[in-house]
Amino acid sequence: MLYHLFTYLDRQFDLMGAGMFNYISFRTALSFITALIIATLFGRRIIDFLQKKQIGETIRDLGLEGQKQKKGTPTMGGVIIILAILVPTLLFASLTNIYIILMLITTVWLGFTGFADDYIKVFRKNKDGLKGKYKIVGQIGLGLIVGFTMIYSPNVVIRENYEVINGEQRVAGAYYSHENLKTAQTTIPFVKNNNLDYSVFFKSLGKNAATFGWILFVLVTIFIVTAVSNGANLTDGIDGLAAGNSAIIGVALGILAYLSGNVNYSGFLNIMYIPGTGELVVFAGAFIGATIGFLWYNAHPAQVFMGDTGSLTIGGIIGVFAILVRKELLLPILCGIFLVESLSVILQRVYFKFTKKKYGEGHRIFKMSPLHHHFQTAGGTVAHVLWDKPLQKIPESKITVRFWLIGLILAALTIITLKIR
């Protein structure tokens, strides 16, 4: 809103200082600072309200150190994150930008889904929360909205990059055609010509290849929205883990959006130029500020939990953001923590059922899943054969910081894949 107001004042009245709002970097800084202030200052009031209403977390007794002390800690704190994202975005981003519109829809859509889940758990005393099928319907619905918008919106286009060749010598940089392309292309890591068109899998269909390419793109979008939001949900198991890693991922996504939306930087890196995605950096600023600000209260020992209201939302935001900047195939690297957490749960369940069926007694790969709980418990499982002795439990705060450090490494690796081919 302020962006549109000051843009108007700059054009009509040449108001001193109003032109600053034309710079993405300036608005991103304002967005980050505003989100940080909302999360830290207003977050305290929201936590007090949650405590007054006795909206506390019900803790399952898993025998973990410090677990009982967390009982009654306010949950649904994801409301803090959502408010800290929405307000700065509405103030400082261009509300006519299709990518910003999609991110706002994502935040509200999954925020409502997560809120419904927490509401059922807290107020209706149903520990199972919202039925899984309804969560899936919500995630699929969002995936369809994002996918079909990218297909039919005339504002969602790219400019394909071509490597500049000067005689026999290859020159760093890229050439872009003057025509905007409506294509289901994405970026693949570690490949020289790193653009992948989903229609390439349907070449044998001739003229119908492009149509089926878009269908595959929509299916990939649905899968990513579902997988990343659930991955973030599983990661939100100890204090500060999901919020801290999400902030790191947000920084990486903001960099990718800035590079992809700037013709000079995308040309230098020889990656596809996506007009309009630079505006997403303003949203990324709000996302980073919101998650860091939330850590003020969520760091160990946590004064509030984000609940599904927060975890489903931040996971969905990350997934949709990556899709919009055509970097969804980089998510296994960037969201490696979420991926490993999800895989640990899947492997644990599959292996337990397999061994129970085969031997009559179920065995486990990890001491406990998701993976962060594995490091919180003492003892040994089949996964520790290589160590010759049981692993000792690690303090919760140390696990969180170590996962953050791994997240930083993965974020750096994601960025450098743009040049390592």
# chains A, B, ... in the order shown; residues from 1 in each chain; ligands from 1
call {"tool": "residues_around", "arguments": {"residues": "region 23-31 of chain A", "least_positions_apart": "6", "cutoff": "8 Å", "atoms": "only C-alpha atoms", "output": "PyMOL selection string"}}
result
chain A and resi 88-89+92-93+278-279+281-286+289
call {"tool": "select_by_dssp", "arguments": {"residues": "region 35-284 of chain A", "states": "alpha helix (DSSP H)", "output": "PyMOL selection string"}}
result
chain A and resi 35-37+43-52+78-92+98-122+132-152+209-235+241-261+263-269+280-284
call {"tool": "residues_around", "arguments": {"residues": "region 186-193 of chain A", "least_positions_apart": "6", "cutoff": "9 Å", "atoms": "only C-alpha atoms", "output": "MDAnalysis selection string"}}
result
chainID A and resid 162:163 270:272 323 325:330 414 417:421
call {"tool": "write_last_selection", "arguments": {"atoms": "N, CA, C and O atoms", "output": "mmCIF file, in the first residue's frame"}}
result
data_model
loop_
_atom_site.group_PDB
_atom_site.id
_atom_site.type_symbol
_atom_site.label_atom_id
_atom_site.label_comp_id
_atom_site.auth_asym_id
_atom_site.auth_seq_id
_atom_site.Cartn_x
_atom_site.Cartn_y
_atom_site.Cartn_z
ATOM 1 N N TYR A 162 20.628 -17.890 -23.553
ATOM 2 C CA TYR A 162 21.498 -18.539 -24.536
ATOM 3 C C TYR A 162 22.917 -18.089 -24.253
ATOM 4 O O TYR A 162 23.179 -16.896 -24.084
ATOM 5 N N GLU A 163 23.834 -19.018 -24.224
ATOM 6 C CA GLU A 163 25.230 -18.679 -23.925
ATOM 7 C C GLU A 163 25.827 -17.840 -25.040
ATOM 8 O O GLU A 163 25.615 -18.112 -26.224
ATOM 9 N N ASN A 270 24.188 -16.649 -16.435
ATOM 10 C CA ASN A 270 23.652 -17.492 -17.512
ATOM 11 C C ASN A 270 22.519 -18.381 -16.996
ATOM 12 O O ASN A 270 22.511 -19.596 -17.173
ATOM 13 N N ILE A 271 21.556 -17.745 -16.318
ATOM 14 C CA ILE A 271 20.350 -18.436 -15.870
ATOM 15 C C ILE A 271 19.142 -17.725 -16.466
ATOM 16 O O ILE A 271 19.247 -16.587 -16.935
ATOM 17 N N MET A 272 18.012 -18.396 -16.479
ATOM 18 C CA MET A 272 16.826 -17.784 -17.075
ATOM 19 C C MET A 272 16.431 -16.516 -16.327
ATOM 20 O O MET A 272 16.538 -16.430 -15.103
ATOM 21 N N ILE A 323 8.984 -22.609 -6.546
ATOM 22 C CA ILE A 323 8.299 -22.873 -7.813
ATOM 23 C C ILE A 323 8.196 -21.604 -8.646
ATOM 24 O O ILE A 323 8.429 -21.622 -9.863
ATOM 25 N N VAL A 325 10.117 -19.005 -8.729
ATOM 26 C CA VAL A 325 11.397 -18.578 -9.304
ATOM 27 C C VAL A 325 12.043 -19.704 -10.120
ATOM 28 O O VAL A 325 13.212 -19.627 -10.479
ATOM 29 N N ARG A 326 11.268 -20.750 -10.388
ATOM 30 C CA ARG A 326 11.689 -21.890 -11.213
ATOM 31 C C ARG A 326 12.949 -22.571 -10.661
ATOM 32 O O ARG A 326 13.846 -22.953 -11.397
ATOM 33 N N LYS A 327 12.987 -22.727 -9.345
ATOM 34 C CA LYS A 327 14.132 -23.379 -8.712
ATOM 35 C C LYS A 327 13.682 -24.542 -7.833
ATOM 36 O O LYS A 327 14.363 -24.918 -6.879
ATOM 37 N N GLU A 328 12.524 -25.131 -8.165
ATOM 38 C CA GLU A 328 11.981 -26.174 -7.305
ATOM 39 C C GLU A 328 12.846 -27.423 -7.242
ATOM 40 O O GLU A 328 12.829 -28.153 -6.243
ATOM 41 N N LEU A 329 13.638 -27.678 -8.290
ATOM 42 C CA LEU A 329 14.489 -28.862 -8.281
ATOM 43 C C LEU A 329 15.738 -28.677 -7.422
ATOM 44 O O LEU A 329 16.509 -29.618 -7.232
ATOM 45 N N LEU A 330 15.931 -27.459 -6.903
ATOM 46 C CA LEU A 330 17.020 -27.208 -5.959
ATOM 47 C C LEU A 330 16.586 -27.467 -4.517
ATOM 48 O O LEU A 330 17.419 -27.469 -3.605
ATOM 49 N N THR A 414 23.383 -24.458 -2.445
ATOM 50 C CA THR A 414 22.296 -24.165 -3.387
ATOM 51 C C THR A 414 22.625 -22.957 -4.258
ATOM 52 O O THR A 414 22.397 -22.976 -5.479
ATOM 53 N N THR A 417 25.366 -23.634 -6.891
ATOM 54 C CA THR A 417 25.000 -24.507 -8.021
ATOM 55 C C THR A 417 24.717 -23.703 -9.285
ATOM 56 O O THR A 417 24.752 -24.247 -10.397
ATOM 57 N N LEU A 418 24.437 -22.406 -9.118
ATOM 58 C CA LEU A 418 24.174 -21.563 -10.286
ATOM 59 C C LEU A 418 25.423 -21.406 -11.142
ATOM 60 O O LEU A 418 25.338 -21.088 -12.329
ATOM 61 N N LYS A 419 26.581 -21.590 -10.522
ATOM 62 C CA LYS A 419 27.843 -21.460 -11.265
ATOM 63 C C LYS A 419 28.570 -22.795 -11.462
ATOM 64 O O LYS A 419 29.327 -22.949 -12.402
ATOM 65 N N ILE A 420 28.338 -23.745 -10.541
ATOM 66 C CA ILE A 420 29.003 -25.053 -10.665
ATOM 67 C C ILE A 420 28.184 -25.933 -11.596
ATOM 68 O O ILE A 420 27.136 -26.466 -11.217
ATOM 69 N N ARG A 421 28.665 -26.074 -12.831
ATOM 70 C CA ARG A 421 27.939 -26.892 -13.817
ATOM 71 C C ARG A 421 28.923 -27.714 -14.606
ATOM 72 O O ARG A 421 30.025 -27.279 -14.850
#
call {"tool": "closest_residue", "arguments": {"among": "A:Trp296, A:Phe49, A:Phe217, A:Phe201", "to": "Leu324 (chain A)", "atoms": "only C-alpha atoms"}}
result
A:Phe217
call {"tool": "closest_residue", "arguments": {"among": "A:Met16, A:Val218, A:Ala242, A:Ile136", "to": "Ile399 (chain A)", "atoms": "only C-alpha atoms"}}
result
A:Ala242
call {"tool": "residues_around", "arguments": {"residues": "region 117-126 of chain A", "least_positions_apart": "2", "cutoff": "12 Å", "atoms": "only C-alpha atoms", "output": "NGL selection string"}}
result
:A and (50 or 53-59 or 72-79 or 110-115 or 128-135 or 138 or 233 or 305-312)
call {"tool": "residues_around", "arguments": {"residues": "Asn298 (chain A)", "least_positions_apart": "5", "cutoff": "6 Å", "atoms": "only C-alpha atoms", "output": "list in words"}}
result
Asp239, Gly240, Gln303 and Val304 of chain A
call {"tool": "select_by_dssp", "arguments": {"residues": "region 151-329 of chain A", "states": "strand (DSSP E)", "output": "PyMOL selection string"}}
result
chain A and resi 161-166+169-176+185-187+195-197
call {"tool": "closest_residue", "arguments": {"among": "A:Ile314, A:Leu36, A:Leu15, A:Ala412", "to": "Ser229 (chain A)", "atoms": "only C-alpha atoms"}}
result
A:Ile314
